[in-house]
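Asker: See protein_35.txt below, with compact mmCIF, C-alpha atoms and all ligand atoms.
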```
# COMPACT_ATOMS: atom_id res chain seq x y z
CA VAL A 1 -95.78 175.50 -66.88
CA GLN A 2 -92.68 177.61 -66.25
CA ARG A 3 -91.37 180.70 -67.98
CA SER A 4 -87.76 181.84 -68.06
CA LEU A 5 -86.01 184.97 -69.26
CA VAL A 6 -83.28 184.23 -71.77
CA LEU A 7 -80.94 186.83 -73.21
CA VAL A 8 -78.76 186.35 -76.26
CA LYS A 9 -75.98 188.65 -75.14
CA PRO A 10 -74.26 191.16 -77.49
CA ASP A 11 -71.52 188.65 -78.44
CA GLY A 12 -74.18 186.18 -79.62
CA VAL A 13 -76.11 188.77 -81.63
CA ARG A 14 -72.89 190.17 -83.11
CA ARG A 15 -71.69 186.73 -84.16
CA GLY A 16 -75.00 185.94 -85.84
CA LEU A 17 -75.88 183.15 -83.40
CA SER A 18 -79.37 184.36 -82.41
CA GLY A 19 -81.07 181.97 -84.82
CA GLU A 20 -78.92 179.00 -83.78
CA ILE A 21 -79.67 179.67 -80.10
CA LEU A 22 -83.43 180.02 -80.74
CA ARG A 23 -83.25 176.84 -82.83
CA ARG A 24 -81.80 174.90 -79.89
CA ILE A 25 -84.48 176.27 -77.55
CA GLU A 26 -87.28 175.30 -79.92
CA ALA A 27 -85.71 171.92 -80.75
CA LYS A 28 -85.72 171.17 -77.02
CA GLY A 29 -89.47 171.76 -77.10
CA TYR A 30 -89.75 175.12 -75.38
CA ALA A 31 -92.12 177.72 -76.80
CA LEU A 32 -91.12 181.30 -77.52
CA ALA A 33 -93.55 183.53 -75.62
CA ALA A 34 -91.80 186.81 -76.50
CA VAL A 35 -88.77 187.78 -78.60
CA GLU A 36 -87.42 191.29 -78.93
CA LEU A 37 -84.15 192.69 -80.20
CA ARG A 38 -83.29 195.71 -78.15
CA ASP A 39 -80.60 197.91 -76.69
CA ALA A 40 -80.13 197.50 -72.95
CA THR A 41 -79.80 200.62 -70.82
CA PRO A 42 -77.69 201.22 -67.69
CA GLU A 43 -80.92 201.43 -65.64
CA LEU A 44 -82.25 198.13 -66.94
CA LEU A 45 -78.91 196.37 -66.37
CA ALA A 46 -78.60 197.77 -62.86
CA GLU A 47 -81.89 196.03 -62.07
CA HIS A 48 -81.09 192.87 -63.97
CA TYR A 49 -77.64 192.44 -62.40
CA ALA A 50 -78.45 193.92 -58.95
CA GLU A 51 -77.02 190.81 -57.23
CA HIS A 52 -73.60 191.40 -58.85
CA GLU A 53 -73.25 195.08 -57.94
CA GLY A 54 -69.91 195.65 -56.22
CA LYS A 55 -68.23 192.59 -57.72
CA PRO A 56 -65.02 193.15 -59.70
CA PHE A 57 -66.59 192.07 -62.99
CA TYR A 58 -69.71 194.24 -62.56
CA ALA A 59 -68.54 197.36 -64.45
CA PRO A 60 -67.05 195.39 -67.38
CA LEU A 61 -70.19 193.22 -67.44
CA VAL A 62 -72.46 196.26 -67.78
CA GLU A 63 -70.15 197.77 -70.40
CA PHE A 64 -70.20 194.51 -72.38
CA MET A 65 -74.00 194.27 -72.16
CA LEU A 66 -74.22 197.83 -73.57
CA SER A 67 -71.82 197.07 -76.44
CA GLY A 68 -74.60 196.08 -78.83
CA PRO A 69 -78.19 194.90 -78.99
CA VAL A 70 -79.37 191.90 -77.02
CA LEU A 71 -82.14 189.50 -77.98
CA ALA A 72 -84.54 189.30 -75.04
CA VAL A 73 -86.64 186.14 -75.03
CA VAL A 74 -89.27 184.63 -72.79
CA ILE A 75 -89.39 180.87 -73.12
CA GLU A 76 -92.10 178.60 -71.83
CA GLY A 77 -92.18 174.91 -71.01
CA GLN A 78 -92.09 172.24 -68.36
CA ARG A 79 -89.08 172.93 -66.07
CA CYS A 80 -87.64 175.31 -68.68
CA ILE A 81 -85.65 177.31 -66.10
CA GLU A 82 -83.44 174.38 -65.18
CA GLY A 83 -83.70 173.02 -68.72
CA PHE A 84 -82.37 176.16 -70.36
CA ARG A 85 -79.45 176.39 -67.91
CA SER A 86 -78.63 172.86 -68.90
CA LEU A 87 -78.77 173.81 -72.60
CA ALA A 88 -76.56 176.86 -71.90
CA GLY A 89 -73.81 175.01 -70.03
CA ALA A 90 -71.32 176.31 -67.49
CA THR A 91 -70.61 180.05 -67.19
CA ASP A 92 -67.03 179.65 -68.42
CA PRO A 93 -67.16 178.68 -72.12
CA THR A 94 -63.83 176.88 -71.93
CA VAL A 95 -65.11 174.33 -69.44
CA ALA A 96 -68.75 174.25 -70.60
CA ALA A 97 -69.59 170.75 -71.82
CA PRO A 98 -69.70 170.02 -75.55
CA GLY A 99 -73.32 169.82 -76.65
CA THR A 100 -74.20 172.99 -74.73
CA ILE A 101 -74.58 176.46 -76.26
CA ARG A 102 -71.53 177.80 -74.43
CA GLY A 103 -69.56 174.59 -74.87
CA ASP A 104 -70.18 174.36 -78.61
CA LEU A 105 -70.21 178.03 -79.56
CA GLY A 106 -68.64 180.04 -76.72
CA ARG A 107 -65.09 181.32 -76.90
CA ASP A 108 -62.71 182.41 -74.19
CA TRP A 109 -61.61 185.88 -75.25
CA GLY A 110 -59.40 186.40 -72.20
CA LEU A 111 -61.36 189.50 -71.19
CA ALA A 112 -62.54 190.79 -67.82
CA VAL A 113 -65.99 189.33 -68.44
CA GLN A 114 -67.07 185.95 -69.64
CA GLN A 115 -68.63 186.71 -73.01
CA ASN A 116 -70.70 183.58 -72.79
CA LEU A 117 -73.46 184.19 -75.34
CA VAL A 118 -76.53 183.73 -73.17
CA HIS A 119 -78.22 184.45 -69.90
CA GLY A 120 -80.95 182.32 -68.36
CA SER A 121 -82.94 182.89 -65.16
CA ASP A 122 -81.76 180.68 -62.30
CA SER A 123 -84.98 180.26 -60.27
CA GLU A 124 -88.73 180.91 -60.45
CA GLU A 125 -88.22 184.05 -58.37
CA SER A 126 -85.55 185.45 -60.66
CA ALA A 127 -87.55 184.47 -63.75
CA ALA A 128 -90.56 186.45 -62.52
CA ARG A 129 -88.34 189.39 -61.55
CA GLU A 130 -86.37 189.39 -64.83
CA ILE A 131 -89.43 188.97 -67.07
CA GLY A 132 -90.88 192.00 -65.25
CA ILE A 133 -87.73 193.99 -66.03
CA TRP A 134 -87.45 193.13 -69.74
CA PHE A 135 -91.14 192.68 -70.59
CA PRO A 136 -93.19 194.74 -68.12
CA GLN A 137 -96.19 194.37 -70.46
CA LEU A 138 -96.30 190.56 -70.05
P1 LIG B 201 -76.05 184.00 -66.46
O1 LIG B 201 -76.64 184.50 -65.14
O2 LIG B 201 -75.53 185.09 -67.36
O3 LIG B 201 -76.88 182.98 -67.16
P2 LIG B 201 -74.37 182.53 -64.78
O4 LIG B 201 -75.53 182.37 -63.85
O5 LIG B 201 -73.61 181.34 -65.17
O6 LIG B 201 -74.74 183.18 -66.11
P3 LIG B 201 -73.67 184.70 -63.04
O7 LIG B 201 -72.91 184.23 -61.88
O8 LIG B 201 -75.13 185.07 -62.88
O9 LIG B 201 -73.44 183.66 -64.22
O10 LIG B 201 -72.92 185.95 -63.66
C1 LIG B 201 -73.52 186.75 -64.63
C2 LIG B 201 -72.57 187.02 -65.76
O11 LIG B 201 -71.44 187.75 -65.29
C3 LIG B 201 -71.95 185.74 -66.36
O12 LIG B 201 -72.78 185.14 -67.31
C4 LIG B 201 -70.69 186.29 -66.98
O13 LIG B 201 -70.96 186.98 -68.19
C5 LIG B 201 -70.25 187.29 -65.94
N1 LIG B 201 -69.40 186.69 -64.92
C6 LIG B 201 -69.77 185.95 -63.86
N2 LIG B 201 -68.75 185.58 -63.11
C7 LIG B 201 -67.65 186.11 -63.71
C8 LIG B 201 -66.26 186.11 -63.41
N3 LIG B 201 -65.77 185.50 -62.34
N4 LIG B 201 -65.44 186.76 -64.25
C9 LIG B 201 -65.93 187.39 -65.32
N5 LIG B 201 -67.22 187.44 -65.66
C10 LIG B 201 -68.08 186.82 -64.87
```
Could you render the structure from this file as structure tokens?
Ligand code: ATP
Answerer:
Amino acid sequence: VQRSLVLVKPDGVRRGLSGEILRRIEAKGYALAAVELRDATPELLAEHYAEHEGKPFYAPLVEFMLSGPVLAVVIEGQRCIEGFRSLAGATDPTVAAPGTIRGDLGRDWGLAVQQNLVHGSDSEESAAREIGIWFPQL
């Protein structure tokens, strides 16, 4: 059974969508293995977003992720890595399909960073790496 690291980003927490997002995850049939509301730190985000360092949206992305608490979640279930990315929808909320978290709830704020409500690991390798970053005790 797979595990994936999901983050409800600061826009989702601020807009009061944490419960709705967890509801969709549970309704899909994935279990919540860990849930913690916390403030990210520059060090933690540097690790989490290492692959994006140097890209034009990197600095605004880190700033956005520090703008308020995030809900860090470990989900568990058969093929939940791919499954959650499907629930989340495309990165850009304007083109994300209706029925997805970003498509139904995401807004295009016209900012330097896509404030797209959620993050989900994109492979088994990144899931293991990201769970280690956010939940070293697991
Ligand atoms: P995530 O990894 O957050 O689930 P993703 O895999 O669709 O989303 P990535 O390519 O990993 O997106 O980028 C990480 C985050 O950086 C995005 O979710 C978004 O917030 C921001 N981002 C990515 N590409 C852009 C871009 N071209 N312009 C602005 N922000 C971006």
Asker: Return the padded bounding box of ligand LIG 201 (chain B) as lines of an AutoDock Vina configuration file: axis-aligned, built from all atoms listed in the file, 3 Å added on each side, with centre and edge lengths in Å to one decimal.
Answerer:
```
center_x = -71.2
center_y = 184.5
center_z = -65.0
size_x = 17.4
size_y = 12.4
size_z = 12.3
```
Asker: Counting all atoms listed in the file, which residue out of A:Arg38, A:Lys9, A:Arg79, A:Arg24 sits closest to ligand LIG 201 (chain B)?
Answerer: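 Counting all atoms listed in the file, the residue closest to ligand LIG 201 (chain B) is A:Lys9.
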Asker: Point out the residue among A:Phe84, A:Trp109, A:Phe57, A:Tyr30 with the least atom-to-atom distance to ligand LIG 201 (chain B), counting only C-alpha atoms and all ligand atoms.
Answerer: A:Phe57
Asker: Could you build a table of the residues in chain A lying no more than 7 Å from ligand LIG 201 (chain B), giving for each the nearest pair of atoms and their separation in Å rounded to one decimal place, using only C-alpha atoms and all ligand atoms, ordered by chain and ascending residue number, as JSON lines?
Answerer:
```
{"residue": "A:Phe57", "atom": "CA", "partner": "B:LIG201", "partner_atom": "C9", "distance": 5.3}
{"residue": "A:Leu61", "atom": "CA", "partner": "B:LIG201", "partner_atom": "O11", "distance": 6.0}
{"residue": "A:Ala90", "atom": "CA", "partner": "B:LIG201", "partner_atom": "O5", "distance": 6.0}
{"residue": "A:Thr91", "atom": "CA", "partner": "B:LIG201", "partner_atom": "O5", "distance": 3.8}
{"residue": "A:Ala112", "atom": "CA", "partner": "B:LIG201", "partner_atom": "C9", "distance": 5.4}
{"residue": "A:Val113", "atom": "CA", "partner": "B:LIG201", "partner_atom": "N5", "distance": 3.6}
{"residue": "A:Gln114", "atom": "CA", "partner": "B:LIG201", "partner_atom": "N5", "distance": 4.3}
{"residue": "A:Gln115", "atom": "CA", "partner": "B:LIG201", "partner_atom": "O13", "distance": 5.4}
{"residue": "A:Asn116", "atom": "CA", "partner": "B:LIG201", "partner_atom": "O13", "distance": 5.7}
{"residue": "A:Val118", "atom": "CA", "partner": "B:LIG201", "partner_atom": "O2", "distance": 6.1}
{"residue": "A:His119", "atom": "CA", "partner": "B:LIG201", "partner_atom": "O3", "distance": 3.4}
{"residue": "A:Gly120", "atom": "CA", "partner": "B:LIG201", "partner_atom": "O3", "distance": 4.3}
{"residue": "A:Ser121", "atom": "CA", "partner": "B:LIG201", "partner_atom": "O3", "distance": 6.4}
{"residue": "A:Asp122", "atom": "CA", "partner": "B:LIG201", "partner_atom": "O4", "distance": 6.6}
```
Asker: Quick one: pull the distance between CA of Trp134 in chain A and CA of His48 in chain A, Å, one decimal.
Answerer: 8.6 Å
Asker: Distance CA of Ala96 in chain A-CA of Ile81 in chain A, one decimal place?
Answerer: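 Going from CA of Ala96 in chain A over to CA of Ile81 in chain A, I get 17.8 Å.
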Asker: Please compute the CA of Arg85 in chain A-CA of Ala127 in chain A distance, one decimal, in Å.
Answerer: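 So the answer is 12.2 Å.
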Asker: List the neighbours of Glu43 in chain A out to 12 Å using all atoms listed in the file; skip same-chain residues closer than 2 positions along the sequence, and give me the result as a count of residues only.
Answerer: 14
Asker: Counting all atoms listed in the file, which of A:Leu111, A:Ile25, A:Ser126, A:Val1 gets nearest to Ser86 in chain A?
Answerer: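 Going through A:Leu111, A:Ile25, A:Ser126, A:Val1 one by one, the smallest distance to Ser86 in chain A is for A:Ile25.
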Asker: Could you name the residues that touch Ala72 in chain A at 7 Å or less, counting all atoms listed in the file, but leaving out those on the same chain fewer than 6 positions away, as a PyMOL selection string?
Answerer: chain A and resi 6-8+35-37
Asker: Store the residues picked out above, limited to C-alpha atoms, as a compact mmCIF listing (two decimals), in the frame of the given file.
Answerer:
```txt
# COMPACT_ATOMS: atom_id res chain seq x y z
CA VAL A 6 -83.28 184.23 -71.77
CA LEU A 7 -80.94 186.83 -73.21
CA VAL A 8 -78.76 186.35 -76.26
CA VAL A 35 -88.77 187.78 -78.60
CA GLU A 36 -87.42 191.29 -78.93
CA LEU A 37 -84.15 192.69 -80.20
```
Asker: Compare A:Val13, A:Ile131, A:Leu5, A:Leu117 by their minimum atom-to-atom distance to Asp92 in chain A, counting all atoms listed in the file, and give me the closest one.
Answerer: A:Leu117
Asker: Closest to Ser4 in chain A among A:Glu63, A:Glu82, A:Glu53, A:Asp104, using all atoms listed in the file?
Answerer: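 Selected residue with least distance to Ser4 in chain A: A:Glu82.
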Asker: With distances taken over all atoms listed in the file, which residue among A:Gly12, A:Glu26, A:Ile101, A:Cys80 lies nearest Phe64 in chain A?
Answerer: A:Gly12
Asker: Mind checking which residues fall within 9 Å of Leu22 in chain A, counting only C-alpha atoms, ignoring those fewer than 4 positions away in the same chain, and posting them as a ChimeraX atom specification?
Answerer: /A:17-18,26-27,32,73
Asker: Convert the current residue selection to file output with C-alpha atoms, as a compact mmCIF listing (two decimals), in the coordinates of the input.
Answerer:
```txt
# COMPACT_ATOMS: atom_id res chain seq x y z
CA LEU A 17 -75.88 183.15 -83.40
CA SER A 18 -79.37 184.36 -82.41
CA GLU A 26 -87.28 175.30 -79.92
CA ALA A 27 -85.71 171.92 -80.75
CA LEU A 32 -91.12 181.30 -77.52
CA VAL A 73 -86.64 186.14 -75.03
```
